[in-house]
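Novice: As input, take final25.cif (mmCIF, C-alpha atoms):
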```cif
data_my_file
#
loop_
_atom_site.group_PDB
_atom_site.id
_atom_site.type_symbol
_atom_site.label_atom_id
_atom_site.label_comp_id
_atom_site.auth_asym_id
_atom_site.auth_seq_id
_atom_site.Cartn_x
_atom_site.Cartn_y
_atom_site.Cartn_z
ATOM 1 C CA MET A 1 134.764 25.129 -39.221
ATOM 2 C CA SER A 2 134.101 26.239 -42.715
ATOM 3 C CA ASP A 3 132.163 29.206 -43.989
ATOM 4 C CA ASP A 4 129.503 26.829 -45.384
ATOM 5 C CA ASP A 5 128.611 25.618 -41.861
ATOM 6 C CA ASP A 6 127.964 29.173 -40.672
ATOM 7 C CA ASP A 7 125.711 30.079 -43.655
ATOM 8 C CA ARG A 8 123.176 27.273 -43.224
ATOM 9 C CA GLY A 9 121.246 28.755 -40.310
ATOM 10 C CA PRO A 10 118.652 26.936 -38.168
ATOM 11 C CA VAL A 11 117.064 23.716 -39.471
ATOM 12 C CA PHE A 12 113.474 24.923 -38.791
ATOM 13 C CA THR A 13 112.554 28.478 -39.627
ATOM 14 C CA GLY A 14 109.461 30.344 -38.480
ATOM 15 C CA TYR A 15 107.983 29.957 -41.968
ATOM 16 C CA GLY A 16 108.553 26.204 -41.937
ATOM 17 C CA ILE A 17 106.898 25.780 -38.560
ATOM 18 C CA GLY A 18 103.995 28.020 -39.624
ATOM 19 C CA SER A 19 103.539 26.005 -42.828
ATOM 20 C CA ALA A 20 103.485 22.736 -40.872
ATOM 21 C CA VAL A 21 100.886 24.091 -38.434
ATOM 22 C CA LEU A 22 98.695 25.389 -41.284
ATOM 23 C CA GLY A 23 98.999 22.038 -43.077
ATOM 24 C CA ALA A 24 97.921 20.171 -39.941
ATOM 25 C CA LEU A 25 94.966 22.568 -39.500
ATOM 26 C CA ALA A 26 93.945 22.043 -43.141
ATOM 27 C CA VAL A 27 94.004 18.256 -42.709
ATOM 28 C CA ALA A 28 91.983 18.538 -39.478
ATOM 29 C CA ALA A 29 89.444 20.802 -41.241
ATOM 30 C CA VAL A 30 89.041 18.307 -44.102
ATOM 31 C CA VAL A 31 88.538 15.428 -41.632
ATOM 32 C CA LEU A 32 86.018 17.470 -39.618
ATOM 33 C CA ALA A 33 84.121 18.466 -42.778
ATOM 34 C CA GLY A 34 83.980 14.793 -43.798
ATOM 35 C CA LEU A 35 82.606 13.764 -40.401
ATOM 36 C CA ILE A 36 79.993 16.533 -40.488
ATOM 37 C CA TRP A 37 78.947 15.501 -43.995
ATOM 38 C CA LEU A 38 78.616 11.831 -42.962
ATOM 39 C CA GLN A 39 76.514 12.787 -39.929
ATOM 40 C CA HIS A 40 74.335 15.025 -42.086
ATOM 41 C CA ARG A 41 73.796 12.225 -44.629
ATOM 42 C CA GLY A 42 72.819 9.865 -41.800
ATOM 43 C CA ASP A 43 70.343 12.411 -40.428
ATOM 44 C CA VAL A 44 68.839 12.996 -43.884
ATOM 45 C CA ASP A 45 68.462 9.245 -44.454
ATOM 46 C CA GLU A 46 66.816 8.840 -41.028
ATOM 47 C CA ARG A 47 64.354 11.672 -41.707
ATOM 48 C CA ARG A 48 63.526 10.198 -45.104
ATOM 49 C CA TYR A 49 62.846 6.805 -43.482
ATOM 50 C CA GLN A 50 60.705 8.357 -40.734
ATOM 51 C CA THR A 51 58.665 10.187 -43.386
ATOM 52 C CA ARG A 52 57.965 6.833 -45.083
ATOM 53 C CA VAL A 53 56.942 5.342 -41.708
ATOM 54 C CA LEU A 54 54.551 8.233 -41.003
ATOM 55 C CA GLN A 55 53.065 8.013 -44.514
ATOM 56 C CA THR A 56 52.520 4.246 -44.148
ATOM 57 C CA ALA A 57 50.707 4.730 -40.818
ATOM 58 C CA ALA A 58 48.597 7.589 -42.210
ATOM 59 C CA ASP A 59 47.622 5.640 -45.353
ATOM 60 C CA TRP A 60 46.614 2.555 -43.356
ATOM 61 C CA THR A 61 44.611 4.589 -40.845
ATOM 62 C CA SER A 62 42.924 6.540 -43.628
ATOM 63 C CA VAL A 63 41.522 3.305 -45.070
ATOM 64 C CA LEU A 64 40.266 2.314 -41.606
ATOM 65 C CA VAL A 65 38.556 5.616 -40.777
ATOM 66 C CA ASN A 66 36.962 5.900 -44.230
ATOM 67 C CA MET A 67 35.445 2.407 -44.187
ATOM 68 C CA ASN A 68 31.698 2.432 -44.857
ATOM 69 C CA LYS A 69 28.915 0.077 -45.945
ATOM 70 C CA ASP A 70 29.845 0.410 -49.628
ATOM 71 C CA ASN A 71 33.538 -0.450 -49.276
ATOM 72 C CA VAL A 72 33.816 -2.795 -46.278
ATOM 73 C CA ALA A 73 35.182 -5.816 -48.171
ATOM 74 C CA PRO A 74 37.851 -4.021 -50.260
ATOM 75 C CA SER A 75 38.849 -1.867 -47.267
ATOM 76 C CA LEU A 76 39.331 -4.917 -45.049
ATOM 77 C CA GLU A 77 41.325 -6.654 -47.776
ATOM 78 C CA LYS A 78 43.582 -3.634 -48.230
ATOM 79 C CA LEU A 79 44.097 -3.293 -44.475
ATOM 80 C CA HIS A 80 44.835 -7.002 -44.079
ATOM 81 C CA GLU A 81 47.386 -7.027 -46.923
ATOM 82 C CA ALA A 82 49.336 -4.259 -45.179
ATOM 83 C CA THR A 83 49.654 -6.094 -41.842
ATOM 84 C CA VAL A 84 52.211 -8.559 -40.545
ATOM 85 C CA GLY A 85 52.787 -10.712 -37.481
ATOM 86 C CA GLU A 86 50.251 -11.163 -34.727
ATOM 87 C CA LEU A 87 48.000 -8.428 -36.116
ATOM 88 C CA ASN A 88 47.908 -10.228 -39.474
ATOM 89 C CA ALA A 89 47.182 -13.594 -37.849
ATOM 90 C CA GLU A 90 44.357 -12.214 -35.700
ATOM 91 C CA PHE A 91 43.201 -9.574 -38.186
ATOM 92 C CA GLU A 92 39.619 -10.748 -38.604
ATOM 93 C CA SER A 93 38.955 -10.861 -34.873
ATOM 94 C CA ALA A 94 40.707 -7.496 -34.389
ATOM 95 C CA VAL A 95 38.557 -5.670 -36.953
ATOM 96 C CA GLU A 96 35.328 -7.664 -36.557
ATOM 97 C CA PRO A 97 33.738 -5.083 -34.218
ATOM 98 C CA TYR A 98 34.417 -2.297 -36.762
ATOM 99 C CA MET A 99 33.050 -4.361 -39.625
ATOM 100 C CA LYS A 100 29.854 -5.305 -37.761
ATOM 101 C CA LEU A 101 29.283 -1.725 -36.661
ATOM 102 C CA VAL A 102 29.607 -0.399 -40.216
ATOM 103 C CA GLN A 103 27.305 -3.107 -41.622
ATOM 104 C CA THR A 104 24.720 -2.689 -38.851
ATOM 105 C CA LEU A 105 24.551 1.086 -39.012
ATOM 106 C CA GLN A 106 24.634 1.199 -42.813
ATOM 107 C CA SER A 107 26.697 4.345 -42.428
ATOM 108 C CA LYS A 108 28.492 6.529 -44.904
ATOM 109 C CA THR A 109 31.742 7.681 -43.388
ATOM 110 C CA ARG A 110 34.332 10.211 -44.342
ATOM 111 C CA GLY A 111 37.449 10.555 -42.286
ATOM 112 C CA GLN A 112 40.630 12.532 -42.099
ATOM 113 C CA ILE A 113 43.995 12.150 -40.427
ATOM 114 C CA ASP A 114 44.564 14.948 -37.928
ATOM 115 C CA SER A 115 48.135 14.105 -36.917
ATOM 116 C CA VAL A 116 50.792 11.419 -37.025
ATOM 117 C CA SER A 117 53.995 11.362 -35.024
ATOM 118 C CA ILE A 118 56.840 9.022 -34.206
ATOM 119 C CA GLU A 119 56.578 8.025 -30.561
ATOM 120 C CA SER A 120 59.802 8.502 -28.646
ATOM 121 C CA LEU A 121 60.770 5.425 -26.666
ATOM 122 C CA HIS A 122 63.000 5.583 -23.626
ATOM 123 C CA HIS A 123 64.993 2.874 -21.910
ATOM 124 C CA ASN A 124 63.149 1.160 -19.090
ATOM 125 C CA PRO A 125 64.490 2.180 -15.681
ATOM 126 C CA PRO A 126 66.246 -0.580 -13.746
ATOM 127 C CA GLY A 127 64.118 -2.759 -11.514
ATOM 128 C CA PRO A 128 64.392 -3.075 -7.734
ATOM 129 C CA ASN A 129 67.920 -3.333 -6.326
ATOM 130 C CA GLY A 130 69.423 -2.341 -9.696
ATOM 131 C CA ALA A 131 68.113 -5.461 -11.465
ATOM 132 C CA PRO A 132 67.999 -5.248 -15.266
ATOM 133 C CA PRO A 133 64.775 -3.867 -16.749
ATOM 134 C CA PRO A 134 62.063 -6.362 -17.651
ATOM 135 C CA ALA A 135 62.398 -7.817 -21.139
ATOM 136 C CA GLN A 136 60.486 -6.098 -23.900
ATOM 137 C CA ARG A 137 57.578 -7.924 -25.517
ATOM 138 C CA GLN A 138 58.912 -10.108 -28.317
ATOM 139 C CA ASP A 139 56.694 -11.475 -31.023
ATOM 140 C CA GLY A 140 57.279 -13.105 -34.395
ATOM 141 C CA VAL A 141 57.789 -9.733 -36.073
ATOM 142 C CA ALA A 142 60.938 -8.997 -34.051
ATOM 143 C CA ALA A 143 62.649 -11.978 -35.685
ATOM 144 C CA VAL A 144 61.964 -10.854 -39.278
ATOM 145 C CA ALA A 145 61.739 -7.056 -39.054
ATOM 146 C CA SER A 146 64.913 -5.063 -39.478
ATOM 147 C CA ARG A 147 63.286 -2.212 -37.580
ATOM 148 C CA THR A 148 59.957 -1.337 -35.917
ATOM 149 C CA ASP A 149 58.853 2.222 -35.168
ATOM 150 C CA THR A 150 55.837 3.170 -33.061
ATOM 151 C CA VAL A 151 53.554 5.853 -34.495
ATOM 152 C CA LEU A 152 50.772 7.756 -32.761
ATOM 153 C CA VAL A 153 47.831 8.614 -35.025
ATOM 154 C CA VAL A 154 44.919 10.948 -34.341
ATOM 155 C CA ALA A 155 42.028 10.930 -36.820
ATOM 156 C CA THR A 156 38.434 12.074 -37.063
ATOM 157 C CA SER A 157 35.599 10.436 -38.947
ATOM 158 C CA VAL A 158 32.055 11.650 -39.484
ATOM 159 C CA SER A 159 29.398 8.952 -39.940
ATOM 160 C CA GLU A 160 26.008 9.665 -41.410
ATOM 161 C CA ASN A 161 23.676 6.809 -40.488
ATOM 162 C CA GLN A 162 20.471 6.036 -42.325
ATOM 163 C CA GLY A 163 17.469 7.328 -40.421
ATOM 164 C CA THR A 164 19.528 9.702 -38.276
ATOM 165 C CA GLU A 165 19.543 13.425 -38.854
ATOM 166 C CA GLN A 166 22.668 14.259 -36.864
ATOM 167 C CA PRO A 167 26.017 13.033 -38.186
ATOM 168 C CA GLN A 168 28.128 11.295 -35.574
ATOM 169 C CA THR A 169 31.742 12.375 -35.092
ATOM 170 C CA VAL A 170 34.205 9.719 -33.962
ATOM 171 C CA ARG A 171 37.683 10.615 -32.731
ATOM 172 C CA TRP A 172 40.348 7.984 -33.262
ATOM 173 C CA THR A 173 43.569 7.866 -31.270
ATOM 174 C CA MET A 174 45.753 4.839 -31.810
ATOM 175 C CA ARG A 175 49.264 3.540 -31.586
ATOM 176 C CA LEU A 176 50.578 1.611 -34.596
ATOM 177 C CA ASP A 177 53.809 -0.314 -34.937
ATOM 178 C CA VAL A 178 55.289 0.034 -38.422
ATOM 179 C CA SER A 179 57.795 -2.725 -39.185
ATOM 180 C CA ASP A 180 60.349 -2.848 -41.985
ATOM 181 C CA ILE A 181 60.099 -6.318 -43.549
ATOM 182 C CA ASP A 182 62.700 -6.658 -46.315
ATOM 183 C CA GLY A 183 62.330 -2.980 -47.232
ATOM 184 C CA LYS A 184 58.511 -3.006 -47.181
ATOM 185 C CA LEU A 185 56.789 -1.099 -44.379
ATOM 186 C CA MET A 186 53.873 -2.973 -42.796
ATOM 187 C CA ILE A 187 51.623 -2.492 -39.774
ATOM 188 C CA SER A 188 52.470 -5.014 -37.042
ATOM 189 C CA ARG A 189 50.406 -3.722 -34.106
ATOM 190 C CA LEU A 190 47.213 -1.728 -33.587
ATOM 191 C CA GLU A 191 46.465 -0.402 -30.133
ATOM 192 C CA PRO A 192 43.535 1.946 -29.526
ATOM 193 C CA ILE A 193 44.278 4.681 -27.004
ATOM 194 C CA ARG A 194 41.385 5.830 -24.889
#
```
Write the structure described by the file as structure tokens, please.
Specialist:
Amino acid sequence: MSDDDDDRGPVFTGYGIGSAVLGALAVAAVVLAGLIWLQHRGDVDERRYQTRVLQTAADWTSVLVNMNKDNVAPSLEKLHEATVGELNAEFESAVEPYMKLVQTLQSKTRGQIDSVSIESLHHNPPGPNGAPPPAQRQDGVAAVASRTDTVLVVATSVSENQGTEQPQTVRWTMRLDVSDIDGKLMISRLEPIR
């Protein structure tokens, strides 16, 4: 044995092990920060999209609840242009009662949106004996929409009819489906809630 062999000491010192542990912790912290940032960006993008969905539903409903004898035709045209799927195909029959009512009453209406919210959907529970849940309703929109969100809208309109002294208040509660068709948000379903 030479004197050089005795002077080398242990291969790993306490400082070396400590440095390795701190390096591993630093790498783990950077990876964790990256994951948190990616999740945050995803959440921000989702909230931004949901805000657009809510605004689309509110704008469409606002046209509907503010329809009166002076703007029936342009209001119906604007509503129709913003629909897609089955609602678009059956639009005239879907809104005919509203149109006739406005024309018959010769009313002046002013409306406001009271609230809009994204409806939370849950998975259907399994059927009897653990069978899979019944299939969801599929229409033509499902094939072309990249995404469809359901929005609940509550609105109020006040109609002043000719020959009537008391204004009539109408409360609107409806469920709208807002579908993303090639980046454009459109109304694909209108369901009144009573």
Novice: With distances taken over all atoms listed in the file, which residue among A:Pro192, A:Gly16, A:Pro10, A:Gly140 lies nearest Thr173 (chain A)?
Specialist: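 Distance minimum relative to Thr173 (chain A) lands on A:Pro192.
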Novice: Just the residues within 10 Å of Thr109 (chain A), please, counting all atoms listed in the file, with nothing from its chain fewer than 6 positions along; format it as a count of residues only.
Specialist: 16
Novice: Just checking: using all atoms listed in the file, which residue out of A:Val21, A:Val27, A:Ala73, A:Ala57 ends up closest to Asp177 (chain A)?
Specialist: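 Going through A:Val21, A:Val27, A:Ala73, A:Ala57 one by one, the smallest distance to Asp177 (chain A) is for A:Ala57.
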Novice: Given only C-alpha atoms as the basis, pick out the residue of A:Ser107, A:Gln50, A:Ser117, A:Ser188 nearest to Leu79 (chain A).
Specialist: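 Result for the nearest residue to Leu79 (chain A): A:Ser188.
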Novice: Any chance you could resolve the PyMOL selection byres ((chain A and resi 85-101) around 8) against this file and give the residues as a tab-separated table (two decimals) with C-alpha atoms, keeping the file's coordinate frame?
Specialist:
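Okay, this is what ended up in expr38.tsv:
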```
chain	number	residue	atom	x	y	z
A	72	VAL	CA	33.82	-2.80	-46.28
A	80	HIS	CA	44.84	-7.00	-44.08
A	83	THR	CA	49.65	-6.09	-41.84
A	84	VAL	CA	52.21	-8.56	-40.54
A	102	VAL	CA	29.61	-0.40	-40.22
A	103	GLN	CA	27.30	-3.11	-41.62
A	104	THR	CA	24.72	-2.69	-38.85
A	105	LEU	CA	24.55	1.09	-39.01
A	139	ASP	CA	56.69	-11.48	-31.02
A	140	GLY	CA	57.28	-13.10	-34.40
A	141	VAL	CA	57.79	-9.73	-36.07
A	187	ILE	CA	51.62	-2.49	-39.77
A	188	SER	CA	52.47	-5.01	-37.04
A	189	ARG	CA	50.41	-3.72	-34.11
A	190	LEU	CA	47.21	-1.73	-33.59
```
Novice: What does the distance from CA of Asn71 (chain A) to CA of Thr51 (chain A) come to in Å, to one decimal?
Specialist: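 Between CA of Asn71 (chain A) and CA of Thr51 (chain A) the gap works out to 27.9 Å.
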Novice: Can you measure CA of Thr61 (chain A) to CA of Met186 (chain A) for me? One decimal in Å is fine.
Specialist: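 Result for CA of Thr61 (chain A) versus CA of Met186 (chain A): 12.1 Å, one decimal.
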Novice: Return as a VMD selection string the set of residues that the PyMOL selection byres ((chain A and resi 116) around 8) yields on the displayed structure.
Specialist: chain A and resid 54 57 to 58 113 to 115 117 to 118 151 to 154
Novice: Determine the nearest neighbour of Asp59 (chain A) from the options A:Ala143, A:Ala82, A:Leu35, A:Val30, counting only C-alpha atoms.
Specialist: A:Ala82
Novice: At what distance in Å, to one decimal, does CA of Gln55 (chain A) lie from CA of Lys184 (chain A)?
Specialist: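 Taking CA of Lys184 (chain A) and CA of Gln55 (chain A), their separation equals 12.6 Å.
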Novice: Just so I have it separately, write region 75-109 of chain A from the block I sent, keeping N, CA, C and O atoms, as a CSV table (one decimal), in the first residue's frame.
Specialist:
```csv
chain,number,residue,atom,x,y,z
A,75,SER,N,-85.4,40.5,-35.6
A,75,SER,CA,-85.0,39.7,-34.5
A,75,SER,C,-85.1,38.2,-34.8
A,75,SER,O,-84.1,37.4,-34.5
A,76,LEU,N,-86.1,37.8,-35.6
A,76,LEU,CA,-86.2,36.4,-36.0
A,76,LEU,C,-85.0,36.0,-36.9
A,76,LEU,O,-84.5,34.9,-36.8
A,77,GLU,N,-84.6,36.9,-37.8
A,77,GLU,CA,-83.5,36.6,-38.7
A,77,GLU,C,-82.2,36.5,-37.9
A,77,GLU,O,-81.5,35.5,-38.1
A,78,LYS,N,-82.0,37.3,-36.9
A,78,LYS,CA,-80.8,37.3,-36.1
A,78,LYS,C,-80.8,36.0,-35.3
A,78,LYS,O,-79.7,35.3,-35.2
A,79,LEU,N,-81.9,35.6,-34.7
A,79,LEU,CA,-82.0,34.4,-33.9
A,79,LEU,C,-81.7,33.2,-34.8
A,79,LEU,O,-81.0,32.3,-34.4
A,80,HIS,N,-82.3,33.2,-36.0
A,80,HIS,CA,-82.2,32.0,-36.9
A,80,HIS,C,-80.8,31.8,-37.4
A,80,HIS,O,-80.3,30.7,-37.4
A,81,GLU,N,-80.1,32.9,-37.7
A,81,GLU,CA,-78.7,32.9,-38.1
A,81,GLU,C,-77.8,32.3,-37.1
A,81,GLU,O,-76.7,31.8,-37.4
A,82,ALA,N,-78.1,32.4,-35.8
A,82,ALA,CA,-77.3,31.9,-34.7
A,82,ALA,C,-77.6,30.5,-34.2
A,82,ALA,O,-77.2,30.1,-33.2
A,83,THR,N,-78.5,29.8,-35.0
A,83,THR,CA,-78.8,28.5,-34.6
A,83,THR,C,-78.2,27.4,-35.6
A,83,THR,O,-77.8,27.8,-36.7
A,84,VAL,N,-78.2,26.2,-35.1
A,84,VAL,CA,-77.7,25.1,-35.9
A,84,VAL,C,-78.4,23.8,-35.6
A,84,VAL,O,-79.0,23.7,-34.5
A,85,GLY,N,-78.4,22.9,-36.5
A,85,GLY,CA,-78.9,21.6,-36.2
A,85,GLY,C,-80.4,21.5,-36.3
A,85,GLY,O,-81.1,22.3,-37.1
A,86,GLU,N,-81.0,20.7,-35.4
A,86,GLU,CA,-82.5,20.5,-35.4
A,86,GLU,C,-83.2,21.8,-35.1
A,86,GLU,O,-84.3,22.1,-35.7
A,87,LEU,N,-82.7,22.6,-34.2
A,87,LEU,CA,-83.3,23.9,-33.9
A,87,LEU,C,-83.3,24.8,-35.1
A,87,LEU,O,-84.3,25.5,-35.4
A,88,ASN,N,-82.3,24.8,-35.9
A,88,ASN,CA,-82.2,25.6,-37.1
A,88,ASN,C,-83.2,25.1,-38.2
A,88,ASN,O,-83.9,25.9,-38.8
A,89,ALA,N,-83.3,23.8,-38.3
A,89,ALA,CA,-84.2,23.2,-39.3
A,89,ALA,C,-85.7,23.4,-39.0
A,89,ALA,O,-86.5,23.6,-39.8
A,90,GLU,N,-86.0,23.4,-37.7
A,90,GLU,CA,-87.4,23.6,-37.2
A,90,GLU,C,-87.6,25.0,-36.6
A,90,GLU,O,-88.5,25.2,-35.8
A,91,PHE,N,-86.8,25.9,-37.0
A,91,PHE,CA,-86.8,27.2,-36.3
A,91,PHE,C,-88.1,27.9,-36.4
A,91,PHE,O,-88.7,28.4,-35.4
A,92,GLU,N,-88.7,28.0,-37.6
A,92,GLU,CA,-89.9,28.7,-37.8
A,92,GLU,C,-91.1,28.2,-36.9
A,92,GLU,O,-91.8,28.9,-36.3
A,93,SER,N,-91.2,26.8,-36.9
A,93,SER,CA,-92.2,26.2,-36.1
A,93,SER,C,-91.9,26.4,-34.6
A,93,SER,O,-92.8,26.5,-33.8
A,94,ALA,N,-90.6,26.5,-34.2
A,94,ALA,CA,-90.3,26.6,-32.8
A,94,ALA,C,-90.6,28.0,-32.3
A,94,ALA,O,-91.0,28.2,-31.1
A,95,VAL,N,-90.4,29.0,-33.1
A,95,VAL,CA,-90.7,30.4,-32.6
A,95,VAL,C,-92.0,31.0,-33.1
A,95,VAL,O,-92.3,32.1,-32.8
A,96,GLU,N,-92.7,30.2,-33.9
A,96,GLU,CA,-94.0,30.7,-34.4
A,96,GLU,C,-95.0,31.2,-33.3
A,96,GLU,O,-95.5,32.3,-33.4
A,97,PRO,N,-95.1,30.5,-32.2
A,97,PRO,CA,-96.0,31.0,-31.1
A,97,PRO,C,-95.5,32.4,-30.6
A,97,PRO,O,-96.4,33.2,-30.3
A,98,TYR,N,-94.2,32.6,-30.4
A,98,TYR,CA,-93.7,33.8,-29.9
A,98,TYR,C,-94.0,35.0,-30.9
A,98,TYR,O,-94.4,36.0,-30.6
A,99,MET,N,-93.8,34.7,-32.2
A,99,MET,CA,-94.0,35.7,-33.3
A,99,MET,C,-95.5,36.1,-33.3
A,99,MET,O,-95.8,37.2,-33.4
A,100,LYS,N,-96.4,35.1,-33.3
A,100,LYS,CA,-97.8,35.4,-33.4
A,100,LYS,C,-98.3,36.2,-32.2
A,100,LYS,O,-99.1,37.1,-32.3
A,101,LEU,N,-97.8,35.8,-31.0
A,101,LEU,CA,-98.1,36.5,-29.8
A,101,LEU,C,-97.7,38.0,-29.9
A,101,LEU,O,-98.5,38.9,-29.6
A,102,VAL,N,-96.5,38.2,-30.3
A,102,VAL,CA,-96.0,39.6,-30.4
A,102,VAL,C,-96.8,40.4,-31.4
A,102,VAL,O,-97.2,41.5,-31.2
A,103,GLN,N,-97.1,39.8,-32.6
A,103,GLN,CA,-97.9,40.5,-33.6
A,103,GLN,C,-99.3,40.7,-33.2
A,103,GLN,O,-99.9,41.8,-33.5
A,104,THR,N,-99.9,39.8,-32.5
A,104,THR,CA,-101.3,39.9,-32.0
A,104,THR,C,-101.5,41.0,-31.0
A,104,THR,O,-102.4,41.8,-31.0
A,105,LEU,N,-100.6,40.9,-30.0
A,105,LEU,CA,-100.7,41.9,-28.9
A,105,LEU,C,-100.2,43.3,-29.2
A,105,LEU,O,-100.5,44.2,-28.5
A,106,GLN,N,-99.5,43.4,-30.3
A,106,GLN,CA,-98.9,44.7,-30.7
A,106,GLN,C,-98.1,45.3,-29.5
A,106,GLN,O,-98.3,46.4,-29.1
A,107,SER,N,-97.3,44.5,-28.9
A,107,SER,CA,-96.7,44.9,-27.6
A,107,SER,C,-95.3,45.5,-27.8
A,107,SER,O,-94.7,45.3,-28.9
A,108,LYS,N,-94.9,46.3,-26.9
A,108,LYS,CA,-93.6,46.9,-26.8
A,108,LYS,C,-93.0,46.2,-25.6
A,108,LYS,O,-93.5,46.2,-24.5
A,109,THR,N,-91.8,45.5,-25.9
A,109,THR,CA,-91.2,44.7,-24.8
A,109,THR,C,-89.8,45.2,-24.6
A,109,THR,O,-89.1,45.5,-25.5
```
